[in-house]
>>> print(open('final06.csv').read())   # CSV, C-alpha atoms and all ligand atoms
chain,number,residue,atom,x,y,z
A,1,MET,CA,107.8,101.1,86.7
A,2,THR,CA,105.9,103.8,88.6
A,3,ILE,CA,106.0,104.1,92.3
A,4,ASP,CA,104.1,107.0,93.8
A,5,HIS,CA,105.7,108.0,97.0
A,6,HIS,CA,103.7,108.4,100.1
A,7,GLN,CA,106.3,110.8,101.5
A,8,GLN,CA,107.1,110.7,105.2
A,9,PRO,CA,109.9,112.4,107.1
A,10,HIS,CA,113.2,110.7,106.8
A,11,PRO,CA,114.9,109.3,109.9
A,12,ALA,CA,117.5,111.6,111.4
A,13,GLY,CA,120.4,109.2,111.9
A,14,ALA,CA,123.4,109.4,109.7
A,15,ALA,CA,123.1,107.0,106.8
A,16,ILE,CA,125.5,104.0,106.8
A,17,VAL,CA,128.0,104.1,103.9
A,18,SER,CA,130.7,101.6,103.0
A,19,ASN,CA,133.9,103.6,102.9
A,20,VAL,CA,135.5,102.5,106.1
A,21,PRO,CA,137.9,99.6,105.2
A,22,GLY,CA,137.3,96.6,107.3
A,23,SER,CA,133.8,97.7,108.2
A,24,PHE,CA,130.8,95.4,107.6
A,25,PRO,CA,129.3,97.3,104.7
A,26,TRP,CA,132.8,97.7,103.1
A,27,GLY,CA,133.2,93.9,103.2
A,28,VAL,CA,129.8,93.4,101.5
A,29,LEU,CA,130.6,95.8,98.6
A,30,THR,CA,134.2,94.9,98.0
A,31,ARG,CA,134.3,91.2,98.8
A,32,ARG,CA,130.8,89.7,98.9
A,33,HIS,CA,129.5,91.2,95.6
A,34,PRO,CA,132.5,90.1,93.5
A,35,ASP,CA,132.3,86.6,95.1
A,36,LEU,CA,128.6,86.5,94.3
A,37,ILE,CA,129.3,87.3,90.6
A,38,ALA,CA,131.8,84.4,90.6
A,39,THR,CA,129.3,82.0,92.3
A,40,VAL,CA,126.5,82.9,89.8
A,41,ARG,CA,128.7,82.2,86.8
A,42,ARG,CA,129.9,79.0,88.4
A,43,LEU,CA,126.4,77.7,88.9
A,44,VAL,CA,124.7,78.9,85.8
A,45,PRO,CA,126.2,78.2,82.4
A,46,TYR,CA,125.7,81.7,80.9
A,47,PRO,CA,126.7,82.2,77.2
A,48,PRO,CA,129.7,84.5,76.2
A,49,VAL,CA,127.6,87.6,75.8
A,50,ILE,CA,126.4,87.4,79.5
A,51,GLN,CA,129.8,86.4,80.7
A,52,GLU,CA,131.1,89.6,79.1
A,53,SER,CA,128.3,91.6,80.9
A,54,LEU,CA,129.3,90.0,84.2
A,55,ASP,CA,133.0,90.9,83.5
A,56,GLN,CA,131.8,94.5,82.9
A,57,LEU,CA,129.8,94.5,86.1
A,58,LEU,CA,132.9,93.4,88.1
A,59,VAL,CA,134.7,96.4,86.7
A,60,THR,CA,131.8,98.7,87.3
A,61,ILE,CA,131.4,97.9,91.0
A,62,ASP,CA,135.0,98.6,91.6
A,63,GLY,CA,134.5,102.2,90.2
A,64,THR,CA,131.6,104.6,90.2
A,65,VAL,CA,127.8,104.2,90.0
A,66,PRO,CA,126.6,104.1,86.4
A,67,PRO,CA,123.1,104.7,85.1
A,68,LEU,CA,120.8,101.9,84.0
A,69,PRO,CA,120.7,101.3,80.3
A,70,ALA,CA,118.2,103.7,78.6
A,71,ASP,CA,116.0,100.8,77.4
A,72,ALA,CA,115.6,99.1,80.8
A,73,HIS,CA,111.9,98.8,81.7
A,74,ASP,CA,112.4,100.6,85.1
A,75,GLU,CA,115.0,103.1,83.8
A,76,ALA,CA,112.8,106.1,84.8
A,77,ALA,CA,112.4,105.0,88.4
A,78,TRP,CA,116.1,104.2,88.8
A,79,ARG,CA,117.1,107.5,87.1
A,80,GLU,CA,115.3,109.3,89.9
A,81,TRP,CA,116.6,107.1,92.7
A,82,ALA,CA,120.2,107.2,91.3
A,83,ALA,CA,120.3,110.9,90.6
A,84,PRO,CA,122.2,111.8,93.9
A,85,TYR,CA,124.7,109.0,93.4
A,86,LEU,CA,125.6,108.7,89.7
A,87,GLY,CA,129.3,109.0,89.1
A,88,ARG,CA,130.1,108.6,92.8
A,89,ALA,CA,132.2,105.8,94.2
A,90,TRP,CA,130.0,102.9,95.3
A,91,ILE,CA,131.5,102.8,98.7
A,92,ASP,CA,130.6,106.5,99.3
A,93,VAL,CA,126.9,106.2,98.7
A,94,PRO,CA,124.4,104.8,101.2
A,95,PHE,CA,125.0,101.1,101.8
A,96,LEU,CA,121.3,100.3,101.5
A,97,TRP,CA,121.0,102.0,98.2
A,98,ALA,CA,124.3,100.5,96.8
A,99,GLU,CA,123.3,96.9,97.7
A,100,SER,CA,119.9,97.3,96.1
A,101,TYR,CA,121.3,98.7,92.9
A,102,PHE,CA,124.0,96.1,92.7
A,103,TYR,CA,121.3,93.4,92.6
A,104,ARG,CA,119.4,95.3,89.9
A,105,LEU,CA,122.6,95.5,87.8
A,106,LEU,CA,123.3,91.9,88.3
A,107,LEU,CA,119.8,91.0,86.9
A,108,GLU,CA,120.5,93.4,84.0
A,109,ALA,CA,123.8,91.7,83.3
A,110,THR,CA,122.3,88.2,83.3
A,111,GLY,CA,119.5,89.2,80.9
A,112,TYR,CA,116.7,88.6,83.5
A,113,PHE,CA,114.6,91.5,82.2
A,114,GLY,CA,115.6,91.0,78.5
A,115,SER,CA,113.6,89.4,75.8
A,116,GLY,CA,116.0,86.6,75.0
A,117,PRO,CA,116.3,83.0,76.3
A,118,TRP,CA,117.7,84.1,79.7
A,119,ALA,CA,114.7,86.3,80.5
A,120,GLY,CA,113.1,85.4,83.8
A,121,ILE,CA,115.9,82.9,84.7
A,122,ASP,CA,116.7,83.4,88.4
A,123,PRO,CA,120.5,83.6,88.7
A,124,PHE,CA,120.2,82.5,92.3
A,125,ALA,CA,117.9,79.5,91.6
A,126,PRO,CA,120.7,76.8,92.0
A,127,GLN,CA,121.6,78.2,95.4
A,128,LYS,CA,118.0,78.4,96.5
A,129,SER,CA,117.2,74.9,95.3
A,130,ALA,CA,120.3,73.4,96.9
A,131,GLU,CA,119.1,74.7,100.3
A,132,LEU,CA,116.0,72.6,100.0
A,133,ASP,CA,118.1,69.4,100.0
A,134,THR,CA,120.2,70.2,103.1
A,135,PRO,CA,120.2,68.1,106.3
A,136,ASP,CA,119.2,71.3,108.2
A,137,LEU,CA,116.0,71.6,106.2
A,138,ALA,CA,115.3,67.9,106.4
A,139,ARG,CA,115.6,68.2,110.2
A,140,ASP,CA,113.2,71.1,110.2
A,141,LEU,CA,110.7,69.0,108.3
A,142,GLN,CA,111.1,66.1,110.7
A,143,ALA,CA,110.5,68.4,113.7
A,144,LEU,CA,107.1,69.5,112.4
A,145,ASP,CA,105.2,66.6,113.9
A,146,ARG,CA,106.1,67.6,117.4
A,147,LEU,CA,105.5,71.3,116.7
A,148,VAL,CA,102.0,70.7,115.4
A,149,THR,CA,100.9,68.3,118.1
A,150,ALA,CA,102.2,70.5,121.0
A,151,PRO,CA,99.7,72.5,123.1
A,152,GLU,CA,98.4,75.5,121.2
A,153,GLN,CA,100.5,78.3,122.7
A,154,ALA,CA,103.6,76.2,122.8
A,155,SER,CA,103.1,75.3,119.1
A,156,LEU,CA,102.5,78.9,118.2
A,157,SER,CA,105.6,80.0,120.1
A,158,ALA,CA,107.7,77.3,118.6
A,159,ALA,CA,106.6,78.4,115.1
A,160,LEU,CA,107.4,82.0,115.9
A,161,THR,CA,110.8,81.1,117.1
A,162,ALA,CA,111.5,78.9,114.1
A,163,SER,CA,110.4,81.8,111.8
A,164,LEU,CA,112.7,84.2,113.7
A,165,TRP,CA,115.8,82.0,113.5
A,166,GLY,CA,115.0,80.8,110.0
A,167,ASN,CA,116.2,84.3,109.1
A,168,ARG,CA,119.8,83.0,109.8
A,169,ALA,CA,119.3,80.9,106.7
A,170,ASP,CA,120.3,83.7,104.3
A,171,LEU,CA,122.5,82.6,101.5
A,172,GLY,CA,124.0,86.1,100.8
A,173,PHE,CA,125.0,86.4,104.5
A,174,ARG,CA,126.5,82.9,104.5
A,175,MET,CA,128.6,83.7,101.5
A,176,SER,CA,130.6,86.3,103.5
A,177,ASP,CA,130.9,84.1,106.6
A,178,PRO,CA,130.3,80.4,105.7
A,179,SER,CA,130.9,79.5,109.3
A,180,THR,CA,127.8,81.3,110.4
A,181,GLN,CA,125.6,78.2,110.5
A,182,ASP,CA,128.0,76.6,112.9
A,183,LYS,CA,127.9,79.5,115.3
A,184,ASP,CA,125.5,79.1,118.2
A,185,GLN,CA,122.4,81.3,118.2
A,186,VAL,CA,121.9,83.2,121.4
A,187,ASP,CA,118.4,82.1,122.4
A,188,ASP,CA,118.2,85.0,124.9
A,189,LEU,CA,116.8,87.6,122.5
A,190,VAL,CA,118.2,91.1,122.5
A,191,ALA,CA,114.6,92.3,122.7
A,192,ASP,CA,111.5,90.2,123.0
A,193,ASP,CA,108.1,91.7,122.6
A,194,SER,CA,106.5,88.4,121.6
A,195,ALA,CA,103.9,88.6,124.4
A,196,GLU,CA,102.6,91.8,122.8
A,197,LEU,CA,102.4,90.1,119.5
A,198,TRP,CA,100.2,87.3,121.0
A,199,ARG,CA,98.1,89.9,122.5
A,200,LEU,CA,97.5,91.4,119.1
A,201,LEU,CA,96.7,88.0,117.7
A,202,SER,CA,94.1,86.8,120.2
A,203,ALA,CA,92.3,83.5,119.5
A,204,GLY,CA,89.1,83.4,117.5
A,205,SER,CA,89.7,86.9,116.1
A,206,THR,CA,89.1,88.1,112.6
A,207,SER,CA,92.7,89.2,112.3
A,208,GLN,CA,94.0,90.1,108.9
A,209,VAL,CA,97.7,89.3,109.2
A,210,HIS,CA,100.3,90.4,106.7
A,211,VAL,CA,103.7,88.8,106.5
A,212,VAL,CA,106.4,90.7,104.6
A,213,ALA,CA,108.6,87.7,103.7
A,214,ASP,CA,112.4,87.6,103.4
A,215,ASN,CA,114.3,84.6,102.3
A,216,ALA,CA,113.3,81.5,100.4
A,217,GLY,CA,114.1,77.9,101.4
A,218,ARG,CA,114.5,77.3,105.1
A,219,GLU,CA,113.2,80.7,106.2
A,220,LEU,CA,110.2,80.6,104.0
A,221,LEU,CA,109.4,77.0,105.2
A,222,ALA,CA,109.4,78.3,108.8
A,223,ASP,CA,107.3,81.3,107.8
A,224,LEU,CA,104.8,79.0,106.1
A,225,VAL,CA,104.6,76.8,109.2
A,226,LEU,CA,103.9,79.9,111.3
A,227,ILE,CA,101.2,81.0,108.8
A,228,ASP,CA,99.6,77.5,108.9
A,229,ARG,CA,99.6,77.7,112.8
A,230,LEU,CA,98.0,81.2,112.7
A,231,LEU,CA,95.3,80.0,110.4
A,232,ALA,CA,94.7,76.7,112.1
A,233,THR,CA,94.4,78.2,115.5
A,234,ARG,CA,92.2,81.1,114.2
A,235,ARG,CA,94.7,83.7,115.3
A,236,ALA,CA,94.4,84.9,111.7
A,237,ALA,CA,91.3,84.9,109.5
A,238,THR,CA,93.4,85.7,106.5
A,239,VAL,CA,97.1,86.0,105.9
A,240,THR,CA,98.6,88.1,103.1
A,241,LEU,CA,102.1,87.0,102.2
A,242,HIS,CA,104.2,89.7,100.5
A,243,LEU,CA,106.9,88.3,98.2
A,244,LYS,CA,109.5,89.8,95.9
A,245,PRO,CA,108.3,90.3,92.3
A,246,HIS,CA,111.7,89.1,91.1
A,247,PRO,CA,115.0,87.8,92.5
A,248,TYR,CA,116.8,90.0,94.9
A,249,TYR,CA,119.6,89.8,97.5
A,250,VAL,CA,120.4,86.2,96.5
A,251,SER,CA,117.8,84.3,98.5
A,252,ASP,CA,114.8,86.6,98.7
A,253,ALA,CA,111.6,84.7,98.2
A,254,THR,CA,109.6,85.0,95.0
A,255,THR,CA,106.3,83.3,94.0
A,256,THR,CA,108.3,80.7,92.2
A,257,ASP,CA,110.2,80.0,95.4
A,258,LEU,CA,107.0,79.7,97.4
A,259,LEU,CA,105.6,77.1,95.0
A,260,GLN,CA,108.9,75.2,95.2
A,261,VAL,CA,108.8,75.0,99.0
A,262,LEU,CA,105.1,74.0,98.9
A,263,ARG,CA,105.9,71.2,96.4
A,264,HIS,CA,108.8,70.1,98.6
A,265,MET,CA,106.5,69.9,101.7
A,266,LYS,CA,103.9,67.9,99.8
A,267,ALA,CA,106.6,65.6,98.5
A,268,THR,CA,108.0,65.1,102.0
A,269,GLY,CA,104.6,63.8,103.2
A,270,ASP,CA,103.7,63.3,106.8
A,271,THR,CA,103.1,66.5,108.8
A,272,ALA,CA,105.0,68.6,106.3
A,273,GLY,CA,102.8,67.3,103.5
A,274,ASP,CA,99.7,68.0,105.5
A,275,ILE,CA,100.8,71.6,106.1
A,276,GLY,CA,101.6,72.0,102.5
A,277,ALA,CA,98.2,70.7,101.5
A,278,ARG,CA,96.5,73.0,104.0
A,279,LEU,CA,98.4,76.0,102.6
A,280,ASN,CA,97.6,75.1,99.0
A,281,ALA,CA,93.9,74.9,100.0
A,282,ALA,CA,94.2,78.3,101.8
A,283,ILE,CA,95.7,79.9,98.7
A,284,SER,CA,92.9,78.4,96.6
A,285,ASP,CA,90.1,79.6,98.9
A,286,GLY,CA,91.6,83.0,99.5
A,287,ARG,CA,92.6,82.7,103.1
A,288,LEU,CA,96.3,82.9,102.2
A,289,LYS,CA,96.8,85.7,99.7
A,290,VAL,CA,100.0,86.2,97.8
A,291,ARG,CA,101.1,89.6,96.8
A,292,THR,CA,104.1,91.1,95.0
A,293,HIS,CA,105.0,94.8,94.6
A,294,ALA,CA,107.9,96.5,92.9
A,295,PHE,CA,108.4,98.6,96.0
A,296,TRP,CA,109.8,95.5,97.8
A,297,CYS,CA,112.8,95.5,95.4
A,298,SER,CA,113.4,99.2,95.4
A,299,PRO,CA,116.2,101.0,97.3
A,300,LEU,CA,113.7,103.0,99.4
A,301,THR,CA,113.0,102.8,103.0
A,302,PHE,CA,109.5,102.0,104.3
A,303,HIS,CA,109.1,105.8,105.0
A,304,GLU,CA,108.4,106.0,101.3
A,305,LEU,CA,105.8,103.2,101.0
A,306,PRO,CA,103.7,103.8,97.9
A,307,THR,CA,100.2,105.0,98.7
A,308,GLY,CA,98.4,101.9,97.4
A,309,LEU,CA,100.6,99.6,99.4
A,310,ALA,CA,100.4,101.8,102.5
A,311,THR,CA,96.6,101.7,102.3
A,312,GLU,CA,96.6,97.9,101.9
A,313,LEU,CA,98.9,97.5,104.9
A,314,ALA,CA,96.9,99.9,107.0
A,315,GLN,CA,94.0,97.4,106.9
A,316,ALA,CA,96.2,94.8,108.7
A,317,SER,CA,95.6,93.7,112.3
A,318,VAL,CA,99.4,93.2,112.4
A,319,VAL,CA,102.2,93.3,109.8
A,320,ILE,CA,104.9,90.8,110.5
A,321,ILE,CA,108.1,92.0,108.9
A,322,LYS,CA,110.9,89.4,108.4
A,323,GLY,CA,114.6,89.8,108.2
A,324,ASP,CA,117.5,92.1,108.4
A,325,LEU,CA,117.0,94.0,105.2
A,326,ASN,CA,113.4,94.7,105.8
A,327,TYR,CA,114.4,95.9,109.3
A,328,ARG,CA,116.9,98.3,107.9
A,329,ARG,CA,114.3,99.6,105.6
A,330,LEU,CA,111.8,99.9,108.4
A,331,VAL,CA,113.9,101.9,110.9
A,332,GLY,CA,116.3,103.5,108.4
A,333,ASP,CA,119.8,102.2,107.6
A,334,ALA,CA,121.5,104.6,109.9
A,335,HIS,CA,123.9,104.9,112.8
A,336,TRP,CA,121.2,105.0,115.5
A,337,ASP,CA,122.1,105.0,119.1
A,338,PRO,CA,121.1,101.3,119.9
A,339,THR,CA,119.0,102.5,122.8
A,340,THR,CA,116.7,104.6,120.5
A,341,SER,CA,113.2,103.4,120.9
A,342,PHE,CA,111.9,101.0,118.1
A,343,GLN,CA,108.5,102.4,118.7
A,344,SER,CA,109.5,106.0,118.0
A,345,LEU,CA,111.4,105.1,114.9
A,346,THR,CA,108.5,103.2,113.4
A,347,SER,CA,105.6,105.5,114.6
A,348,TYR,CA,105.1,106.4,110.9
A,349,PHE,CA,104.2,102.8,109.8
A,350,PRO,CA,100.5,102.5,108.9
A,351,ALA,CA,99.6,99.4,110.9
A,352,PRO,CA,100.5,97.5,114.1
A,353,LEU,CA,103.7,95.7,113.4
A,354,ALA,CA,106.1,93.0,114.5
A,355,ALA,CA,109.7,92.8,113.3
A,356,LEU,CA,111.4,89.4,113.4
A,357,ARG,CA,115.1,89.8,112.7
A,358,THR,CA,118.4,88.0,113.3
A,359,LEU,CA,121.0,90.8,113.3
A,360,LYS,CA,123.2,90.7,110.2
A,361,SER,CA,124.2,94.3,109.7
A,362,ASP,CA,125.2,97.2,111.9
A,363,VAL,CA,121.8,98.8,112.5
A,364,ALA,CA,120.6,98.3,116.1
A,365,VAL,CA,117.8,100.0,118.0
A,366,GLY,CA,115.5,99.2,120.9
A,367,VAL,CA,118.2,97.7,123.1
A,368,ASP,CA,118.0,98.1,126.8
A,369,PRO,CA,121.1,100.1,128.0
A,370,ASP,CA,122.3,97.4,130.4
A,371,ARG,CA,121.9,94.7,127.8
A,372,LEU,CA,123.8,96.9,125.4
A,373,ALA,CA,126.7,97.3,127.7
A,374,HIS,CA,126.8,93.6,128.3
A,375,LEU,CA,126.7,92.8,124.6
A,376,GLU,CA,129.5,95.3,123.7
A,377,THR,CA,131.8,93.7,126.3
A,378,THR,CA,130.9,90.0,125.8
A,379,ALA,CA,129.9,89.6,122.2
A,380,PRO,CA,131.7,92.2,120.0
A,381,GLY,CA,130.2,90.7,116.8
A,382,TRP,CA,126.6,90.8,118.0
A,383,ARG,CA,125.3,93.2,115.4
A,384,THR,CA,126.6,91.4,112.4
A,385,ASP,CA,127.4,87.7,113.0
A,386,GLY,CA,123.8,86.3,112.9
A,387,THR,CA,123.9,84.9,116.5
A,388,HIS,CA,121.6,87.5,118.0
A,389,ALA,CA,118.0,88.2,117.3
A,390,VAL,CA,115.1,90.6,118.2
A,391,ILE,CA,111.3,90.5,118.2
A,392,HIS,CA,110.2,94.1,118.2
A,393,VAL,CA,106.5,95.0,118.3
A,394,ARG,CA,104.9,98.4,117.8
A,395,PRO,CA,101.2,97.9,118.6
A,396,GLU,CA,99.5,101.0,117.2
A,397,PRO,CA,100.4,103.6,114.7
A,398,SER,CA,100.6,107.0,116.4
A,401,LIG,O1,118.0,88.2,104.3
A,401,LIG,P1,118.1,89.3,105.3
A,401,LIG,O2,117.8,88.9,106.7
A,401,LIG,O3,117.3,90.5,104.9
A,401,LIG,O4,119.6,89.7,105.3
A,401,LIG,C1,120.1,90.4,104.2
A,401,LIG,C2,121.1,91.2,104.9
A,401,LIG,O5,122.3,90.6,104.6
A,401,LIG,C3,123.2,91.5,104.4
A,401,LIG,O6,123.5,91.4,103.1
A,401,LIG,C4,124.3,91.4,105.4
A,401,LIG,O7,124.6,90.2,105.7
A,401,LIG,C5,122.7,92.8,104.7
A,401,LIG,O8,123.2,93.7,103.9
A,401,LIG,C6,121.2,92.6,104.5
A,401,LIG,O9,120.5,93.4,105.3
>>> encode(input="final06.csv", output="structure tokens", more="lines below")
Ligand SMILES: O=P(O)(O)OC[C@H]1O[C@](O)(CO)[C@@H](O)[C@@H]1O
Amino acid sequence: MTIDHHQQPHPAGAAIVSNVPGSFPWGVLTRRHPDLIATVRRLVPYPPVIQESLDQLLVTIDGTVPPLPADAHDEAAWREWAAPYLGRAWIDVPFLWAESYFYRLLLEATGYFGSGPWAGIDPFAPQKSAELDTPDLARDLQALDRLVTAPEQASLSAALTASLWGNRADLGFRMSDPSTQDKDQVDDLVADDSAELWRLLSAGSTSQVHVVADNAGRELLADLVLIDRLLATRRAATVTLHLKPHPYYVSDATTTDLLQVLRHMKATGDTAGDIGARLNAAISDGRLKVRTHAFWCSPLTFHELPTGLATELAQASVVIIKGDLNYRRLVGDAHWDPTTSFQSLTSYFPAPLAALRTLKSDVAVGVDPDRLAHLETTAPGWRTDGTHAVIHVRPEPS
């Protein structure tokens, strides 16, 4: 794989690493990753040779960062990205990088990129599919009728809110805290620039909207409903949906996941079926474009968008960026002062942008000082427990 870097200055905040016992990133590396390996082997009947690779991966992640096998298709790219970290303890290297490489090694261990019978088999598919059959998702589908028939702005706002909170439906996150779906979301957003987003997406425009997707299943369903509303109300002339080229971070959406959700919508019938049919038609006639790029599964921040992708995004009227990981990659996975302006940290991004994120990791920016003081005293877990969310908008590149 070749990714040409469109080099931009790096953010100045200190990178988050995972070496503080009890900290959020420490828990991800030392607890969640081994648990995930156990879940994958419980749900997919891998043969002995892959079981042994997974045993080896468990040992590896308890030690130091290894190179990718020399015959891996993307060995050259990872050799460059891993150079500063090889041989170092996982918990001492940047958290963002360590998580990304863990998922790459997991795909390696399961033969995803090999030439054998397990090539292309998504190790997370059973978890993603199971989510489509949950009562939560069935409720979401039932609610679509009211959403679609509401007055236009109410319908758009409801779709935006559903897409925002759909980001709670992240299977990796739920693994570390299964109670998260029972915790109440705090509807009063930590930051809410949605009025600015609707200004960017005025009716009857020729807007080219890009959506950088995050999770499959419930979140992708909500994203698709938002996309349908944008197209149906002519807030967008076209939508480009950026998906992962291969499985990543447990539930990240691939093209296979998109097709599965669309099939599920059509099979459900009623309003969900109508939306599914409209989206299928939009894909067929080019109003909904699906894109994948290796960059989305790389350990790099968006400061290093490859030139081709940066050029494509620069054409967008607005880029809607979903989720926690994309947010970390957007602002930099660093210990920012939470009152640091979102606009200043994202001034490098090549298009107007909106970030929809439920907070599921330590990074926080763009928070009003009074709100911050209140959060710190009343909701100590606000950064990581998935109960709080932000809509940040940065209208123009500077
Ligand atoms: O699916 P999302 O919203 O990107 O969340 C993934 C996030 O989950 C985490 O694994 C933490 O819960 C983060 O490391 C990562 O940013």
>>> closest_residue(input="final06.csv", among="A:Ala389, A:Ala169, A:Ala83, A:Val363", to="A:His335", atoms="only C-alpha atoms")
A:Val363
>>> residues_around(input="final06.csv", residues="stretch 188-191 of chain A", least_positions_apart="3", cutoff="8 Å", atoms="only C-alpha atoms", output="list of chain:residue names")
A:Gly366, A:Val367, A:Asp368, A:Arg371, A:His388, A:Ala389, A:Val390, A:Ile391, A:His392
>>> closest_residue(input="final06.csv", among="A:Asp223, A:Gln260, A:Leu43, A:Val212", to="A:Arg291", atoms="only C-alpha atoms")
A:Val212
>>> residues_near_ligand(input="final06.csv", ligand="ligand LIG 401 (chain A)", cutoff="9 Å", atoms="only C-alpha atoms and all ligand atoms", output="mmCIF file with C-alpha atoms, keeping the file's coordinate frame")
data_model
loop_
_atom_site.group_PDB
_atom_site.id
_atom_site.type_symbol
_atom_site.label_atom_id
_atom_site.label_comp_id
_atom_site.auth_asym_id
_atom_site.auth_seq_id
_atom_site.Cartn_x
_atom_site.Cartn_y
_atom_site.Cartn_z
ATOM 1 C CA PHE A 24 130.800 95.400 107.600
ATOM 2 C CA PRO A 25 129.300 97.300 104.700
ATOM 3 C CA VAL A 28 129.800 93.400 101.500
ATOM 4 C CA ARG A 32 130.800 89.700 98.900
ATOM 5 C CA PHE A 95 125.000 101.100 101.800
ATOM 6 C CA LEU A 96 121.300 100.300 101.500
ATOM 7 C CA GLU A 99 123.300 96.900 97.700
ATOM 8 C CA ASN A 167 116.200 84.300 109.100
ATOM 9 C CA ARG A 168 119.800 83.000 109.800
ATOM 10 C CA ALA A 169 119.300 80.900 106.700
ATOM 11 C CA ASP A 170 120.300 83.700 104.300
ATOM 12 C CA LEU A 171 122.500 82.600 101.500
ATOM 13 C CA GLY A 172 124.000 86.100 100.800
ATOM 14 C CA PHE A 173 125.000 86.400 104.500
ATOM 15 C CA ARG A 174 126.500 82.900 104.500
ATOM 16 C CA MET A 175 128.600 83.700 101.500
ATOM 17 C CA SER A 176 130.600 86.300 103.500
ATOM 18 C CA ASP A 177 130.900 84.100 106.600
ATOM 19 C CA ASP A 214 112.400 87.600 103.400
ATOM 20 C CA ASN A 215 114.300 84.600 102.300
ATOM 21 C CA TYR A 249 119.600 89.800 97.500
ATOM 22 C CA VAL A 250 120.400 86.200 96.500
ATOM 23 C CA SER A 251 117.800 84.300 98.500
ATOM 24 C CA ASP A 252 114.800 86.600 98.700
ATOM 25 C CA LYS A 322 110.900 89.400 108.400
ATOM 26 C CA GLY A 323 114.600 89.800 108.200
ATOM 27 C CA ASP A 324 117.500 92.100 108.400
ATOM 28 C CA LEU A 325 117.000 94.000 105.200
ATOM 29 C CA ASN A 326 113.400 94.700 105.800
ATOM 30 C CA TYR A 327 114.400 95.900 109.300
ATOM 31 C CA ARG A 328 116.900 98.300 107.900
ATOM 32 C CA ARG A 329 114.300 99.600 105.600
ATOM 33 C CA ARG A 357 115.100 89.800 112.700
ATOM 34 C CA THR A 358 118.400 88.000 113.300
ATOM 35 C CA LEU A 359 121.000 90.800 113.300
ATOM 36 C CA LYS A 360 123.200 90.700 110.200
ATOM 37 C CA SER A 361 124.200 94.300 109.700
ATOM 38 C CA ASP A 362 125.200 97.200 111.900
ATOM 39 C CA THR A 384 126.600 91.400 112.400
ATOM 40 C CA ASP A 385 127.400 87.700 113.000
ATOM 41 C CA GLY A 386 123.800 86.300 112.900
#
>>> residues_around(input="final06.csv", residues="stretch 123-139 of chain A", least_positions_apart="5", cutoff="8 Å", atoms="all atoms listed in the file", output="list in words")
Val40, Leu43, Val44, Leu107, Thr110, Leu171, Ala216, Gly217, Arg218, Pro247, Val250, Ser251, Val261 and His264 of chain A
>>> decode(input="final06.csv", residues="stretch 239-259 of chain A", atoms="C-alpha atoms", output="PDB file, in the first residue's frame")
ATOM      1  CA  VAL A 239     -23.520  12.408  -0.767  1.00  0.00           C
ATOM      2  CA  THR A 240     -20.185  10.600  -0.709  1.00  0.00           C
ATOM      3  CA  LEU A 241     -20.018   7.966   2.011  1.00  0.00           C
ATOM      4  CA  HIS A 242     -16.501   7.040   3.095  1.00  0.00           C
ATOM      5  CA  LEU A 243     -16.271   3.505   4.481  1.00  0.00           C
ATOM      6  CA  LYS A 244     -13.378   1.372   5.704  1.00  0.00           C
ATOM      7  CA  PRO A 245     -11.751  -0.813   3.046  1.00  0.00           C
ATOM      8  CA  HIS A 246     -11.526  -3.684   5.547  1.00  0.00           C
ATOM      9  CA  PRO A 247     -12.603  -4.524   9.126  1.00  0.00           C
ATOM     10  CA  TYR A 248     -11.230  -2.237  11.811  1.00  0.00           C
ATOM     11  CA  TYR A 249     -11.956  -1.381  15.483  1.00  0.00           C
ATOM     12  CA  VAL A 250     -14.560  -4.174  15.796  1.00  0.00           C
ATOM     13  CA  SER A 251     -17.589  -2.460  14.353  1.00  0.00           C
ATOM     14  CA  ASP A 252     -16.263  -0.004  11.767  1.00  0.00           C
ATOM     15  CA  ALA A 253     -18.412  -0.079   8.647  1.00  0.00           C
ATOM     16  CA  THR A 254     -17.219  -1.629   5.390  1.00  0.00           C
ATOM     17  CA  THR A 255     -19.067  -1.881   2.075  1.00  0.00           C
ATOM     18  CA  THR A 256     -20.228  -5.363   3.079  1.00  0.00           C
ATOM     19  CA  ASP A 257     -21.765  -3.868   6.228  1.00  0.00           C
ATOM     20  CA  LEU A 258     -23.467  -1.157   4.202  1.00  0.00           C
ATOM     21  CA  LEU A 259     -25.089  -3.722   1.920  1.00  0.00           C
TER      22      LEU A 259
END
